[in-house]
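Note sheet for the following structure.
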Amino acid sequence: MPFHLHFDESDLLRCRFALSPLGETQAAVRVLAVPERQGYHLPWLRRIRQAAAGLDLGPLWLLMNERGHNPDFFCPPPLGPGTSFEEEIAVVRAVDPRLARDDMAWALSERPGALESAAGRAMLADPARTVRELADLLEQAWRVLIEPHWPRLRALLEADVAYHSRRLAAVGFERLLGELSPQLSWSESTLTISRTAGRRSRVLGGQGLVLMPSVFAWPDVIAGFEAPWLPAVIYPARGIGGLWTEPGASTPDALARLLGRARADVLCALDEPAGTSTLAHRLGLAPSSVSAHLSALRAAGLLTSHRYGHQVLYERTPLGIALAVSPRP
């Protein structure tokens, strides 16, 4: 069933993008529990399998409904665009236990047998202890599942935000929403999400909306968040097809002979806009070398650049795209 978010003029002025390390952690935990989501991230699964085996994610999985309410308190929308995991998990640890108990009871009630189970009853009997334990578990999951890969993930998420920010300026809010996901549509000051669980509507009431790209929620849209949390929509990030590609794996040999292997790798790594440090980490090259290659590629008309926050992002021009995706002999 569709979910509706009702806007007024002040809400439109308070819409913004944000990244959430905690949100990606929570979504990654869900991927481990749902086999049909795992096909998008097989290289990541192979890398984390041994370390993840030491995590007891059962308490989190008990609260994660596939088509029902999930507790908002352990994944609240971030207050700012550059919120760190440490800042987000501090918000979780500081939640009112009474609010957390109601949130958990709602989630447990929508999973058959969970509310009456020993684990469910223990969660609700001492919500303050449960909040501490869940926060500790989320922090362990962050350290094992996400933190080692966060530079790669953050680069893709930042590129998504940069792209959609430009699209917002070019086509406006209504068109942008449809481009974020086919599950989103706009009509008469109402945003409709075609497939989601939970309540059927919410009036934003001047709070605006937080738009958060996600790698591990892909391809779904997640919407809602009950008061007192900010309203948010989590949408699938662009470009996950190349997210786990190893350096140089997509570089045509003919292009490497033409430009040189390292320079061709830099060009082919730019499936999404990225900065110098991100490319250096992705390709295993020194930042100074990547910077020199970027300058040469830009001078040749293969790249263009623009500033996003404190960094300069590079992306391929039409000529650069044509070279990077040229067929292999």
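How things are named: the first chain in the structure tokens is A, the next is B, and so on; residues count from 1 in each chain; ligands count from 1 in the order shown.
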
* To do: Check region 13-70 of chain A with DSSP on the backbone and list each residue it calls helix (DSSP H, G or I), as a ChimeraX atom specification.
  => /A:13,21-33,35-52,58-63

Go ahead and write the selection's residues with C-alpha atoms as a tab-separated table (two decimals), in the first residue's frame.
```
chain	number	residue	atom	x	y	z
A	13	LEU	CA	12.21	25.07	2.19
A	21	PRO	CA	26.91	5.85	8.56
A	22	LEU	CA	24.57	4.38	11.16
A	23	GLY	CA	21.84	3.97	8.55
A	24	GLU	CA	24.20	2.04	6.29
A	25	THR	CA	25.22	-0.13	9.27
A	26	GLN	CA	21.62	-0.97	10.06
A	27	ALA	CA	20.88	-1.68	6.38
A	28	ALA	CA	23.97	-3.90	6.09
A	29	VAL	CA	22.81	-5.92	9.11
A	30	ARG	CA	19.50	-6.44	7.33
A	31	VAL	CA	21.28	-7.61	4.16
A	32	LEU	CA	22.92	-10.40	6.19
A	33	ALA	CA	19.47	-11.58	7.27
A	35	PRO	CA	19.34	-13.71	1.21
A	36	GLU	CA	17.54	-12.08	-1.71
A	37	ARG	CA	19.32	-8.79	-0.92
A	38	GLN	CA	22.78	-10.34	-0.92
A	39	GLY	CA	23.27	-10.71	-4.67
A	40	TYR	CA	24.06	-7.00	-5.01
A	41	HIS	CA	26.96	-7.22	-2.55
A	42	LEU	CA	28.66	-10.60	-3.02
A	43	PRO	CA	32.24	-9.21	-3.04
A	44	TRP	CA	31.51	-7.38	0.23
A	45	LEU	CA	30.00	-10.51	1.74
A	46	ARG	CA	33.11	-12.52	0.91
A	47	ARG	CA	35.32	-9.89	2.55
A	48	ILE	CA	33.36	-9.63	5.80
A	49	ARG	CA	32.14	-13.23	6.17
A	50	GLN	CA	34.78	-14.40	8.64
A	51	ALA	CA	34.63	-11.29	10.85
A	52	ALA	CA	30.82	-11.15	10.70
A	58	GLY	CA	19.93	-11.89	16.61
A	59	PRO	CA	18.57	-9.04	18.80
A	60	LEU	CA	18.71	-6.63	15.86
A	61	TRP	CA	17.19	-9.13	13.44
A	62	LEU	CA	14.32	-9.78	15.86
A	63	LEU	CA	13.31	-6.12	15.54
```

Region 314-316 of chain A environment, 8 Å, only C-alpha atoms, sequence neighbours closer than 2 positions dropped, as a compact mmCIF listing (two decimals) with N, CA, C and O atoms, in the first residue's frame:
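Writing the result to part.txt gives the following:
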```
# COMPACT_ATOMS: atom_id res chain seq x y z
N LEU A 267 40.43 7.19 -15.29
CA LEU A 267 39.27 7.54 -16.12
C LEU A 267 38.14 6.54 -15.95
O LEU A 267 36.98 6.92 -15.78
N LEU A 270 35.82 6.53 -12.73
CA LEU A 270 34.88 7.62 -12.52
C LEU A 270 33.49 7.29 -13.07
O LEU A 270 32.89 8.10 -13.80
N ASP A 271 32.95 6.13 -12.72
CA ASP A 271 31.56 5.83 -13.05
C ASP A 271 30.63 6.83 -12.38
O ASP A 271 29.55 7.14 -12.89
N GLU A 272 31.04 7.32 -11.21
CA GLU A 272 30.34 8.36 -10.48
C GLU A 272 31.35 9.46 -10.16
O GLU A 272 32.56 9.18 -10.05
N PRO A 273 30.92 10.71 -10.00
CA PRO A 273 31.87 11.77 -9.64
C PRO A 273 32.62 11.42 -8.36
O PRO A 273 32.06 10.84 -7.43
N ALA A 274 33.90 11.75 -8.32
CA ALA A 274 34.74 11.44 -7.15
C ALA A 274 35.86 12.45 -7.06
O ALA A 274 36.22 13.11 -8.04
N GLY A 275 36.43 12.55 -5.87
CA GLY A 275 37.55 13.45 -5.62
C GLY A 275 38.87 12.70 -5.64
O GLY A 275 38.93 11.47 -5.73
N LEU A 294 44.43 13.31 -13.14
CA LEU A 294 43.18 14.06 -13.28
C LEU A 294 43.40 15.35 -14.06
O LEU A 294 42.59 15.72 -14.93
N LEU A 302 38.62 15.09 -21.33
CA LEU A 302 37.97 13.84 -20.95
C LEU A 302 37.25 13.94 -19.61
O LEU A 302 36.41 13.08 -19.30
N LEU A 303 37.56 14.95 -18.82
CA LEU A 303 36.94 15.15 -17.51
C LEU A 303 36.51 16.60 -17.35
O LEU A 303 37.07 17.50 -17.97
N THR A 304 35.55 16.79 -16.47
CA THR A 304 35.19 18.12 -16.00
C THR A 304 35.17 18.06 -14.48
O THR A 304 35.18 16.97 -13.89
N SER A 305 35.18 19.20 -13.82
CA SER A 305 35.23 19.21 -12.36
C SER A 305 34.31 20.28 -11.81
O SER A 305 33.99 21.27 -12.49
N HIS A 306 33.88 20.09 -10.57
CA HIS A 306 33.08 21.09 -9.86
C HIS A 306 33.30 20.90 -8.37
O HIS A 306 33.69 19.83 -7.91
N VAL A 312 36.82 18.90 -4.52
CA VAL A 312 36.56 19.02 -5.95
C VAL A 312 36.24 17.64 -6.49
O VAL A 312 37.02 16.69 -6.29
N PRO A 318 31.31 13.67 -22.15
CA PRO A 318 30.83 12.68 -23.13
C PRO A 318 31.96 11.95 -23.85
O PRO A 318 31.87 10.74 -24.10
N LEU A 319 33.04 12.68 -24.19
CA LEU A 319 34.17 12.02 -24.83
C LEU A 319 34.84 11.03 -23.88
O LEU A 319 35.20 9.91 -24.27
N GLY A 320 34.98 11.42 -22.60
CA GLY A 320 35.56 10.52 -21.62
C GLY A 320 34.71 9.28 -21.42
O GLY A 320 35.24 8.16 -21.27
N ILE A 321 33.40 9.45 -21.43
CA ILE A 321 32.49 8.30 -21.29
C ILE A 321 32.67 7.36 -22.47
O ILE A 321 32.75 6.13 -22.31
```

* To do: Extract, using only C-alpha atoms, all DNA, RNA and protein residues at most 6 Å from Pro236 (chain A), discarding same-chain residues fewer than 3 positions from it, and format them as a list in words.
  =>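 Near Pro236 (chain A), the qualifying residues are Pro213, Ser214, Trp218 and Pro219 of chain A.
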
* Can you list every residue in region 94-261 of chain A that DSSP puts in strand (DSSP E), as a ChimeraX atom specification? -> /A:184-187,190-193,201-203,210-214,222-224,232-236

* Asked: Leu243 (chain A): which residues within 8 Å, counting only C-alpha atoms, same-chain residues fewer than 6 positions away excluded, as a PyMOL selection string?
  -> chain A and resi 152-153+156

Print the selection's residues with N, CA and C atoms to a file, as a compact mmCIF listing (two decimals), in the first residue's frame.
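The result, stored in part.txt:
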```txt
# COMPACT_ATOMS: atom_id res chain seq x y z
N ARG A 152 35.03 3.99 0.57
CA ARG A 152 34.44 3.61 -0.72
C ARG A 152 32.94 3.91 -0.74
N LEU A 153 32.24 3.55 0.35
CA LEU A 153 30.80 3.78 0.43
C LEU A 153 30.49 5.27 0.47
N LEU A 156 30.71 6.97 -2.95
CA LEU A 156 29.56 6.75 -3.81
C LEU A 156 28.35 7.55 -3.34
```

Do a neighbour search on region 95-111 of chain A at 8 Å with only C-alpha atoms, toss out local chain neighbours closer than 6 positions, and write the hits as a JSON list (two decimals) with all heavy atoms, in the first residue's frame.
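Generated output (result_25.json):
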```json
[["chain", "number", "residue", "atom", "x", "y", "z"],
["A", 62, "LEU", "N", 15.64, -9.59, 15.27],
["A", 62, "LEU", "CA", 14.32, -9.78, 15.86],
["A", 62, "LEU", "C", 13.44, -8.55, 15.67],
["A", 62, "LEU", "O", 12.21, -8.67, 15.54],
["A", 62, "LEU", "CB", 14.45, -10.11, 17.35],
["A", 62, "LEU", "CG", 13.15, -10.45, 18.09],
["A", 62, "LEU", "CD1", 12.53, -11.72, 17.54],
["A", 62, "LEU", "CD2", 13.41, -10.58, 19.59],
["A", 63, "LEU", "N", 14.06, -7.37, 15.65],
["A", 63, "LEU", "CA", 13.31, -6.12, 15.54],
["A", 63, "LEU", "C", 13.16, -5.64, 14.10],
["A", 63, "LEU", "O", 12.48, -4.64, 13.85],
["A", 63, "LEU", "CB", 14.01, -5.03, 16.36],
["A", 63, "LEU", "CG", 14.04, -5.25, 17.86],
["A", 63, "LEU", "CD1", 15.03, -4.31, 18.52],
["A", 63, "LEU", "CD2", 12.65, -5.04, 18.45],
["A", 64, "MET", "N", 13.79, -6.32, 13.14],
["A", 64, "MET", "CA", 13.79, -5.88, 11.75],
["A", 64, "MET", "C", 12.74, -6.63, 10.95],
["A", 64, "MET", "O", 12.94, -7.76, 10.53],
["A", 64, "MET", "CB", 15.17, -6.09, 11.12],
["A", 64, "MET", "CG", 16.24, -5.17, 11.67],
["A", 64, "MET", "SD", 17.85, -5.50, 10.88],
["A", 64, "MET", "CE", 18.83, -4.18, 11.61],
["A", 65, "ASN", "N", 11.60, -6.00, 10.77],
["A", 65, "ASN", "CA", 10.54, -6.58, 9.96],
["A", 65, "ASN", "C", 10.76, -6.24, 8.49],
["A", 65, "ASN", "O", 11.09, -5.11, 8.15],
["A", 65, "ASN", "CB", 9.18, -6.04, 10.41],
["A", 65, "ASN", "CG", 8.81, -6.52, 11.79],
["A", 65, "ASN", "OD1", 8.75, -7.72, 12.04],
["A", 65, "ASN", "ND2", 8.58, -5.60, 12.70],
["A", 68, "GLY", "N", 7.04, -4.53, 7.85],
["A", 68, "GLY", "CA", 6.35, -4.02, 9.02],
["A", 68, "GLY", "C", 7.21, -2.95, 9.67],
["A", 68, "GLY", "O", 8.24, -2.55, 9.15],
["A", 69, "HIS", "N", 6.79, -2.49, 10.83],
["A", 69, "HIS", "CA", 7.50, -1.40, 11.50],
["A", 69, "HIS", "C", 8.87, -1.86, 12.00],
["A", 69, "HIS", "O", 9.03, -2.96, 12.52],
["A", 69, "HIS", "CB", 6.68, -0.90, 12.70],
["A", 69, "HIS", "CG", 7.37, 0.18, 13.46],
["A", 69, "HIS", "ND1", 7.55, 1.46, 12.97],
["A", 69, "HIS", "CD2", 7.93, 0.19, 14.71],
["A", 69, "HIS", "CE1", 8.19, 2.20, 13.86],
["A", 69, "HIS", "NE2", 8.44, 1.45, 14.92],
["A", 70, "ASN", "N", 9.86, -1.01, 11.79],
["A", 70, "ASN", "CA", 11.19, -1.19, 12.35],
["A", 70, "ASN", "C", 11.46, -0.06, 13.32],
["A", 70, "ASN", "O", 11.08, 1.09, 13.04],
["A", 70, "ASN", "CB", 12.25, -1.18, 11.25],
["A", 70, "ASN", "CG", 12.21, -2.44, 10.40],
["A", 70, "ASN", "OD1", 13.04, -3.32, 10.52],
["A", 70, "ASN", "ND2", 11.22, -2.52, 9.50],
["A", 71, "PRO", "N", 12.08, -0.32, 14.47],
["A", 71, "PRO", "CA", 12.30, 0.75, 15.43],
["A", 71, "PRO", "C", 13.06, 1.93, 14.82],
["A", 71, "PRO", "O", 14.10, 1.75, 14.19],
["A", 71, "PRO", "CB", 13.12, 0.08, 16.54],
["A", 71, "PRO", "CG", 12.76, -1.36, 16.43],
["A", 71, "PRO", "CD", 12.57, -1.62, 14.97],
["A", 72, "ASP", "N", 12.53, 3.12, 15.01],
["A", 72, "ASP", "CA", 13.18, 4.33, 14.50],
["A", 72, "ASP", "C", 14.35, 4.76, 15.37],
["A", 72, "ASP", "O", 15.29, 5.39, 14.89],
["A", 72, "ASP", "CB", 12.18, 5.49, 14.42],
["A", 72, "ASP", "CG", 11.09, 5.23, 13.39],
["A", 72, "ASP", "OD1", 11.36, 4.53, 12.40],
["A", 72, "ASP", "OD2", 9.97, 5.74, 13.59],
["A", 73, "PHE", "N", 14.32, 4.40, 16.66],
["A", 73, "PHE", "CA", 15.28, 4.99, 17.59],
["A", 73, "PHE", "C", 16.70, 4.50, 17.34],
["A", 73, "PHE", "O", 17.66, 5.17, 17.70],
["A", 73, "PHE", "CB", 14.88, 4.72, 19.05],
["A", 73, "PHE", "CG", 15.20, 3.34, 19.55],
["A", 73, "PHE", "CD1", 16.44, 3.05, 20.11],
["A", 73, "PHE", "CD2", 14.25, 2.33, 19.46],
["A", 73, "PHE", "CE1", 16.73, 1.77, 20.57],
["A", 73, "PHE", "CE2", 14.53, 1.05, 19.92],
["A", 73, "PHE", "CZ", 15.78, 0.78, 20.47],
["A", 120, "GLY", "N", 11.87, -11.27, 23.27],
["A", 120, "GLY", "CA", 11.05, -10.07, 23.18],
["A", 120, "GLY", "C", 10.63, -9.55, 24.54],
["A", 120, "GLY", "O", 10.68, -8.34, 24.80],
["A", 123, "MET", "N", 13.56, -7.83, 26.24],
["A", 123, "MET", "CA", 13.81, -6.49, 25.69],
["A", 123, "MET", "C", 12.90, -5.44, 26.34],
["A", 123, "MET", "O", 13.35, -4.35, 26.70],
["A", 123, "MET", "CB", 13.56, -6.48, 24.17],
["A", 123, "MET", "CG", 14.67, -7.11, 23.35],
["A", 123, "MET", "SD", 14.29, -6.96, 21.58],
["A", 123, "MET", "CE", 15.84, -7.53, 20.89],
["A", 124, "LEU", "N", 11.64, -5.77, 26.47],
["A", 124, "LEU", "CA", 10.68, -4.80, 26.98],
["A", 124, "LEU", "C", 10.72, -4.67, 28.50],
["A", 124, "LEU", "O", 10.32, -3.64, 29.04],
["A", 124, "LEU", "CB", 9.27, -5.20, 26.54],
["A", 124, "LEU", "CG", 9.05, -5.30, 25.02],
["A", 124, "LEU", "CD1", 7.60, -5.63, 24.71],
["A", 124, "LEU", "CD2", 9.46, -4.01, 24.31],
["A", 127, "PRO", "N", 14.03, -1.71, 29.20],
["A", 127, "PRO", "CA", 14.37, -1.03, 27.95],
["A", 127, "PRO", "C", 15.68, -0.25, 28.01],
["A", 127, "PRO", "O", 16.37, -0.12, 27.01],
["A", 127, "PRO", "CB", 13.17, -0.10, 27.70],
["A", 127, "PRO", "CG", 12.51, 0.04, 29.03],
["A", 127, "PRO", "CD", 12.74, -1.26, 29.75],
["A", 128, "ALA", "N", 16.04, 0.27, 29.18],
["A", 128, "ALA", "CA", 17.30, 1.01, 29.29],
["A", 128, "ALA", "C", 18.49, 0.09, 29.01],
["A", 128, "ALA", "O", 19.42, 0.44, 28.28],
["A", 128, "ALA", "CB", 17.43, 1.64, 30.67],
["A", 131, "VAL", "N", 18.52, -0.78, 25.26],
["A", 131, "VAL", "CA", 19.08, 0.30, 24.43],
["A", 131, "VAL", "C", 20.61, 0.24, 24.47],
["A", 131, "VAL", "O", 21.27, 0.36, 23.43],
["A", 131, "VAL", "CB", 18.57, 1.67, 24.90],
["A", 131, "VAL", "CG1", 19.38, 2.80, 24.26],
["A", 131, "VAL", "CG2", 17.09, 1.84, 24.56]]
```
